[in-house]
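Shown next: target.tsv, containing TSV, C-alpha atoms.
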```tsv
chain	number	residue	atom	x	y	z
A	118	MET	CA	3.03	-2.08	16.66
A	119	ILE	CA	4.08	-2.09	13.03
A	120	GLU	CA	3.99	-5.40	11.18
A	121	THR	CA	6.38	-6.47	8.45
A	122	SER	CA	5.32	-5.33	4.99
A	123	TYR	CA	6.40	-7.03	1.79
A	124	VAL	CA	6.76	-4.80	-1.27
A	125	ASN	CA	8.57	-4.73	-4.58
A	126	GLN	CA	11.64	-2.56	-5.17
A	127	GLU	CA	9.64	0.16	-6.98
A	128	THR	CA	7.25	0.63	-4.06
A	129	PHE	CA	10.11	0.65	-1.55
A	130	ASN	CA	11.86	3.39	-3.54
A	131	LYS	CA	8.64	5.43	-3.65
A	132	MET	CA	8.21	5.07	0.12
A	133	GLN	CA	11.78	6.33	0.62
A	134	GLN	CA	11.11	9.30	-1.66
A	135	ASP	CA	7.92	10.14	0.24
A	136	LEU	CA	9.81	10.07	3.54
A	137	GLN	CA	12.56	12.26	2.10
A	138	GLN	CA	9.89	14.74	0.92
A	139	LEU	CA	8.40	14.85	4.42
A	140	LYS	CA	11.79	15.36	6.06
A	141	THR	CA	13.09	18.04	3.73
A	142	VAL	CA	10.41	20.02	1.93
A	143	ASP	CA	7.44	19.56	4.26
A	144	ARG	CA	9.44	19.93	7.49
A	145	TYR	CA	10.97	23.17	6.18
A	146	ALA	CA	7.52	24.49	5.19
A	147	ALA	CA	6.14	23.71	8.66
A	148	SER	CA	9.06	25.47	10.32
A	149	LYS	CA	8.58	28.50	8.07
A	150	ALA	CA	4.83	28.63	8.87
A	151	ILE	CA	5.61	28.65	12.61
A	152	ALA	CA	8.16	31.44	12.18
A	153	GLU	CA	5.70	33.54	10.17
A	154	ALA	CA	2.95	33.01	12.74
A	155	ARG	CA	5.34	33.86	15.60
A	156	GLU	CA	6.07	37.24	13.96
A	157	LYS	CA	2.38	38.18	14.15
A	158	GLY	CA	2.39	38.95	17.84
A	159	ASP	CA	1.34	37.50	21.18
A	160	LEU	CA	1.58	33.70	21.08
A	161	LYS	CA	-1.16	33.26	23.73
A	162	GLU	CA	-3.83	34.60	21.39
A	163	ASN	CA	-2.34	33.56	18.07
A	164	ALA	CA	-4.54	30.87	16.49
A	165	GLU	CA	-2.34	30.77	13.41
A	166	TYR	CA	0.66	29.87	15.58
A	167	ASP	CA	-1.31	27.13	17.36
A	168	ALA	CA	-2.44	25.68	14.02
A	169	ALA	CA	1.11	25.74	12.64
A	170	LYS	CA	2.45	23.97	15.76
A	171	GLU	CA	-0.28	21.35	15.52
A	172	ALA	CA	0.49	20.79	11.82
A	173	GLN	CA	4.16	20.40	12.70
A	174	GLY	CA	3.28	17.80	15.34
A	175	LEU	CA	1.20	15.82	12.85
A	176	LEU	CA	4.03	16.01	10.32
A	177	GLU	CA	6.57	14.72	12.85
A	178	ALA	CA	4.21	11.88	13.78
A	179	ARG	CA	3.85	10.97	10.09
A	180	ILE	CA	7.65	11.00	9.66
A	181	LYS	CA	8.09	8.72	12.68
A	182	TYR	CA	5.41	6.35	11.35
A	183	MET	CA	7.01	6.22	7.87
A	184	GLU	CA	10.44	5.54	9.39
A	185	GLY	CA	8.93	2.64	11.34
A	186	VAL	CA	7.23	1.24	8.26
A	187	LEU	CA	10.42	1.45	6.20
A	188	ALA	CA	12.41	-0.23	8.98
A	189	THR	CA	10.08	-3.24	8.91
A	190	THR	CA	9.57	-3.42	5.14
A	191	ARG	CA	11.08	-6.28	3.22
A	192	ILE	CA	11.69	-6.19	-0.53
A	193	LEU	CA	10.48	-9.17	-2.55
A	194	ASP	CA	11.88	-10.08	-5.93
A	195	GLU	CA	8.86	-10.81	-8.11
A	196	SER	CA	10.86	-13.19	-10.31
A	197	ASN	CA	11.38	-15.56	-7.34
A	198	ILE	CA	7.74	-15.81	-6.25
A	199	ASP	CA	6.17	-19.28	-6.25
A	200	THR	CA	2.88	-19.23	-8.16
A	201	SER	CA	1.67	-22.62	-6.93
A	202	ARG	CA	0.06	-20.84	-3.96
A	203	VAL	CA	-1.44	-17.39	-3.45
A	204	SER	CA	1.17	-15.10	-1.87
A	205	VAL	CA	2.14	-11.45	-1.68
A	206	LEU	CA	2.66	-9.88	-5.14
A	207	THR	CA	0.78	-12.63	-7.01
A	208	ARG	CA	-2.11	-11.81	-9.33
A	209	VAL	CA	-5.09	-14.03	-8.55
A	210	THR	CA	-8.19	-14.62	-10.67
A	211	LEU	CA	-11.24	-15.50	-8.58
A	212	THR	CA	-14.78	-16.50	-9.49
A	213	ASN	CA	-17.63	-15.62	-7.15
A	214	GLN	CA	-19.54	-18.91	-6.76
A	215	ALA	CA	-22.92	-17.21	-6.31
A	216	THR	CA	-22.80	-14.71	-9.18
A	217	ARG	CA	-20.23	-16.42	-11.44
A	218	LYS	CA	-18.52	-13.04	-11.78
A	219	THR	CA	-14.75	-13.22	-12.28
A	220	VAL	CA	-12.34	-10.70	-10.73
A	221	THR	CA	-8.56	-10.42	-10.73
A	222	TYR	CA	-6.63	-8.94	-7.82
A	223	LYS	CA	-2.97	-8.46	-7.09
A	224	LEU	CA	-2.14	-9.08	-3.42
A	225	VAL	CA	0.03	-6.31	-2.04
A	226	SER	CA	0.98	-4.71	1.28
A	227	GLU	CA	-1.35	-2.23	2.96
A	228	GLN	CA	0.78	0.67	1.67
A	229	GLU	CA	0.26	-0.36	-1.95
A	230	ALA	CA	-3.44	-1.30	-1.78
A	231	ASP	CA	-5.57	0.45	-4.40
A	232	LEU	CA	-8.84	-1.23	-5.32
A	233	LYS	CA	-9.30	0.91	-8.44
A	234	SER	CA	-6.14	-0.56	-9.93
A	235	GLY	CA	-6.96	-4.09	-8.77
A	236	LYS	CA	-4.53	-4.19	-5.84
A	237	ILE	CA	-5.86	-5.49	-2.52
A	238	SER	CA	-4.07	-5.74	0.79
A	239	VAL	CA	-3.09	-9.11	2.17
A	240	ALA	CA	-4.65	-7.87	5.42
A	241	SER	CA	-8.05	-7.28	3.79
A	242	PRO	CA	-10.79	-9.89	4.30
A	243	ILE	CA	-10.44	-11.28	0.77
A	244	GLY	CA	-6.64	-11.02	0.76
A	245	SER	CA	-6.20	-12.84	4.05
A	246	GLY	CA	-8.86	-15.37	3.07
A	247	ILE	CA	-7.12	-16.48	-0.12
A	248	LEU	CA	-3.51	-16.23	1.11
A	249	GLY	CA	-1.78	-19.60	0.86
A	250	LYS	CA	-4.53	-21.24	-1.23
A	251	GLU	CA	-3.98	-23.11	-4.50
A	252	ILE	CA	-5.66	-23.17	-7.91
A	253	GLY	CA	-8.99	-25.00	-7.69
A	254	ASP	CA	-9.53	-24.26	-3.99
A	255	VAL	CA	-12.92	-22.86	-2.97
A	256	VAL	CA	-12.61	-20.29	-0.20
A	257	GLU	CA	-15.35	-18.78	1.95
A	258	VAL	CA	-14.48	-15.22	2.89
A	259	SER	CA	-16.24	-13.09	5.50
A	260	VAL	CA	-16.78	-9.57	4.17
A	261	PRO	CA	-18.89	-6.71	5.58
A	262	VAL	CA	-21.95	-7.83	3.56
A	263	GLY	CA	-21.71	-11.46	4.69
A	264	LYS	CA	-19.88	-14.51	3.43
A	265	ILE	CA	-18.79	-14.99	-0.16
A	266	LYS	CA	-17.42	-18.17	-1.75
A	267	PHE	CA	-14.67	-17.77	-4.31
A	268	SER	CA	-12.93	-20.37	-6.44
A	269	ILE	CA	-9.30	-19.71	-7.27
A	270	ASP	CA	-8.92	-19.98	-11.04
A	271	LYS	CA	-5.45	-18.62	-11.79
A	272	ILE	CA	-2.31	-17.52	-9.95
A	273	GLU	CA	0.38	-15.57	-11.79
A	274	ILE	CA	2.99	-12.88	-11.31
```
What would you get if you wrote out this structure as structure tokens?
Amino acid sequence: MIETSYVNQETFNKMQQDLQQLKTVDRYAASKAIAEAREKGDLKENAEYDAAKEAQGLLEARIKYMEGVLATTRILDESNIDTSRVSVLTRVTLTNQATRKTVTYKLVSEQEADLKSGKISVASPIGSGILGKEIGDVVEVSVPVGKIKFSIDKIEI
């Protein structure tokens, strides 16, 4: 079951472009690979044909998945986001209570998550733990290494 994703217009457009790439360029390439493998002889003993058919099946599954994601994706206007609480597309500055280290994350959908660029999914342990909280709140988040307490210092767009 695919859950609703909330993204900005730029990400939605990129997702549409990716789907279009899969449907046009990649689907054509998979079809061409099957045709080339079919020309090489007996299909019962043709490993290249089997591999091309399997790749085509994976591609079609990916297309179906992307269509489902796009159907349930909602576009958020970043200019209308309330910064009094942590929500999707807000940038949140947190301080680890144990180490006093400060980090800033932008909460995004799972499709946009990229830790290297400071974007974490709202479905991640930290993302779901701080969702809906306000500045000054102290939140205890369960992560793979245990529990971490964060204070919410700043919420912005």
Would you give me, as a Markdown table, each residue of range 126-211 of chain A having an atom within 12 Å of an atom of range 228-232 of chain A, along with its shortest atom pair and that distance in Å to one decimal, using all atoms listed in the file and sorting by chain and residue number?
```
| residue | atom | partner | partner_atom | distance |
| --- | --- | --- | --- | --- |
| A:Glu127 | CA | A:Glu229 | CA | 10.7 |
| A:Thr128 | CA | A:Glu229 | CA | 7.4 |
| A:Phe129 | CA | A:Gln228 | CA | 9.9 |
| A:Lys131 | CA | A:Glu229 | CA | 10.3 |
| A:Met132 | CA | A:Gln228 | CA | 8.8 |
| A:Asp135 | CA | A:Gln228 | CA | 11.9 |
| A:Met183 | CA | A:Gln228 | CA | 10.4 |
| A:Val186 | CA | A:Gln228 | CA | 9.2 |
| A:Leu187 | CA | A:Gln228 | CA | 10.7 |
| A:Thr190 | CA | A:Gln228 | CA | 10.3 |
| A:Val205 | CA | A:Glu229 | CA | 11.3 |
| A:Leu206 | CA | A:Glu229 | CA | 10.3 |
```
Selection export as a short mmCIF file (atom, residue, chain, number, x, y, z; two decimals), in the coordinates of the input, atoms kept: C-alpha atoms:
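Below is the file that was written, selection24.cif:
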```
data_model
loop_
_atom_site.label_atom_id
_atom_site.label_comp_id
_atom_site.auth_asym_id
_atom_site.auth_seq_id
_atom_site.Cartn_x
_atom_site.Cartn_y
_atom_site.Cartn_z
CA GLU A 127 9.64 0.16 -6.98
CA THR A 128 7.25 0.63 -4.06
CA PHE A 129 10.11 0.65 -1.55
CA LYS A 131 8.64 5.43 -3.65
CA MET A 132 8.21 5.07 0.12
CA ASP A 135 7.92 10.14 0.24
CA MET A 183 7.01 6.22 7.87
CA VAL A 186 7.23 1.24 8.26
CA LEU A 187 10.42 1.45 6.20
CA THR A 190 9.57 -3.42 5.14
CA VAL A 205 2.14 -11.45 -1.68
CA LEU A 206 2.66 -9.88 -5.14
#
```
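One finds CA of Gln134 in chain A at 28.7 Å from CA of Ser245 in chain A.
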### Message
List the spatial neighbours of range 179-182 of chain A as a ChimeraX atom specification - criterion: any atom at most 12 Å away, all atoms listed in the file, same-chain residues fewer than 5 positions off excluded.
### Response
/A:118-120,132-141,143-144,172-174,187-189
Write out as a CSV table (one decimal) with C-alpha atoms, in the frame of the given file the residues lying within 8 Å of Ala154 in chain A, counting all atoms listed in the file and excluding same-chain residues fewer than 3 positions away.
```csv
chain,number,residue,atom,x,y,z
A,150,ALA,CA,4.8,28.6,8.9
A,151,ILE,CA,5.6,28.6,12.6
A,157,LYS,CA,2.4,38.2,14.2
A,158,GLY,CA,2.4,39.0,17.8
A,163,ASN,CA,-2.3,33.6,18.1
A,165,GLU,CA,-2.3,30.8,13.4
A,166,TYR,CA,0.7,29.9,15.6
A,169,ALA,CA,1.1,25.7,12.6
```
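One finds CA of Val203 in chain A at 6.6 Å from CA of Ile247 in chain A.
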Got a sec: who's within 9 Å of range 264-266 of chain A, counting only C-alpha atoms, leaving out chain neighbours fewer than 5 positions off, as an mmCIF file with C-alpha atoms, keeping the file's coordinate frame?
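Everything below was put into out-v9.cif:
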```
data_model
loop_
_atom_site.group_PDB
_atom_site.id
_atom_site.type_symbol
_atom_site.label_atom_id
_atom_site.label_comp_id
_atom_site.auth_asym_id
_atom_site.auth_seq_id
_atom_site.Cartn_x
_atom_site.Cartn_y
_atom_site.Cartn_z
ATOM 1 C CA THR A 212 -14.780 -16.500 -9.490
ATOM 2 C CA ASN A 213 -17.630 -15.620 -7.150
ATOM 3 C CA GLN A 214 -19.540 -18.910 -6.760
ATOM 4 C CA ALA A 215 -22.920 -17.210 -6.310
ATOM 5 C CA VAL A 255 -12.920 -22.860 -2.970
ATOM 6 C CA VAL A 256 -12.610 -20.290 -0.200
ATOM 7 C CA GLU A 257 -15.350 -18.780 1.950
ATOM 8 C CA VAL A 258 -14.480 -15.220 2.890
ATOM 9 C CA SER A 259 -16.240 -13.090 5.500
#
```
### Query
By how many Å are CA of Ser268 in chain A and CA of Tyr123 in chain A apart?
24.9 Å
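Shortest separation to Val239 in chain A among A:Val262, A:Thr207, A:Thr219, A:Ile198 occurs at residue A:Thr207, atoms counted being only C-alpha atoms.
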### Message
So that I can see what lies close to Ala240 in chain A, please list as a list in words the residues with an atom at most 10 Å from it, counting all atoms listed in the file and leaving out residues fewer than 3 positions away in the same chain.
### Response
Leu224, Val225, Ser226, Glu227, Ala230, Ile237, Ile243, Gly244, Ser245, Gly246 and Leu248 of chain A
### Message
The residues within 7 Å of (-6.3, -10.5, -7.5), using only C-alpha atoms and the coordinates of the file, should be reported as a list in words; which are they?
### Response
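Checked against the point, the hits come out as Arg208, Val209, Thr210, Val220, Thr221, Tyr222, Lys223, Leu224, Gly235 and Lys236 of chain A.
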### Task
Between A:Leu176, A:Glu171, A:Glu184, A:Lys271, single out the one closest to Val142 in chain A, counting all atoms listed in the file.
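Smallest separation from Val142 in chain A among the options: A:Leu176.
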### Minimum-distance residue to Ala147 in chain A, chosen among A:Glu195, A:Lys170, A:Asn130, A:Ile252 (using all atoms listed in the file)
A:Lys170
Which centre and which edge lengths, in Å to one decimal, describe the axis-aligned box that holds all listed atoms of range 183-187 of chain A after 5 Å is added on each side, as AutoDock Vina command-line options?
```
--center_x 8.7 --center_y 3.7 --center_z 8.8 --size_x 13.4 --size_y 15.0 --size_z 15.1
```
### Query
Which residues, written as a list in words, have at least one atom at most 8 Å from Thr200 in chain A, with all atoms listed in the file counted and residues fewer than 5 positions away on the same chain left out?
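After dropping sequence-adjacent residues, the list is Thr207, Ile272, Glu273 and Ile274 of chain A.
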Would you save the residues of that selection, restricted to C-alpha atoms, as a tab-separated table (two decimals), in the frame of the given file?
```tsv
chain	number	residue	atom	x	y	z
A	207	THR	CA	0.78	-12.63	-7.01
A	272	ILE	CA	-2.31	-17.52	-9.95
A	273	GLU	CA	0.38	-15.57	-11.79
A	274	ILE	CA	2.99	-12.88	-11.31
```
#### Entry: Pick from A:Val124, A:Ile269, A:Ala152, A:Val260, whichever lies nearest to Ser201 in chain A using all atoms listed in the file
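Selected residue with least distance to Ser201 in chain A: A:Ile269.
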### Query
With all atoms listed in the file as the atoms that count, which of A:Lys218, A:Gln126, A:Pro261, A:Asp199 lies nearest to Ser241 in chain A?
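Selected residue with least distance to Ser241 in chain A: A:Pro261.
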### Query
With all atoms listed in the file as the atoms that count, which of A:Arg202, A:Lys149, A:Arg155, A:Arg191 lies nearest to Lys250 in chain A?
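For Lys250 in chain A, the nearest of the candidates is A:Arg202.
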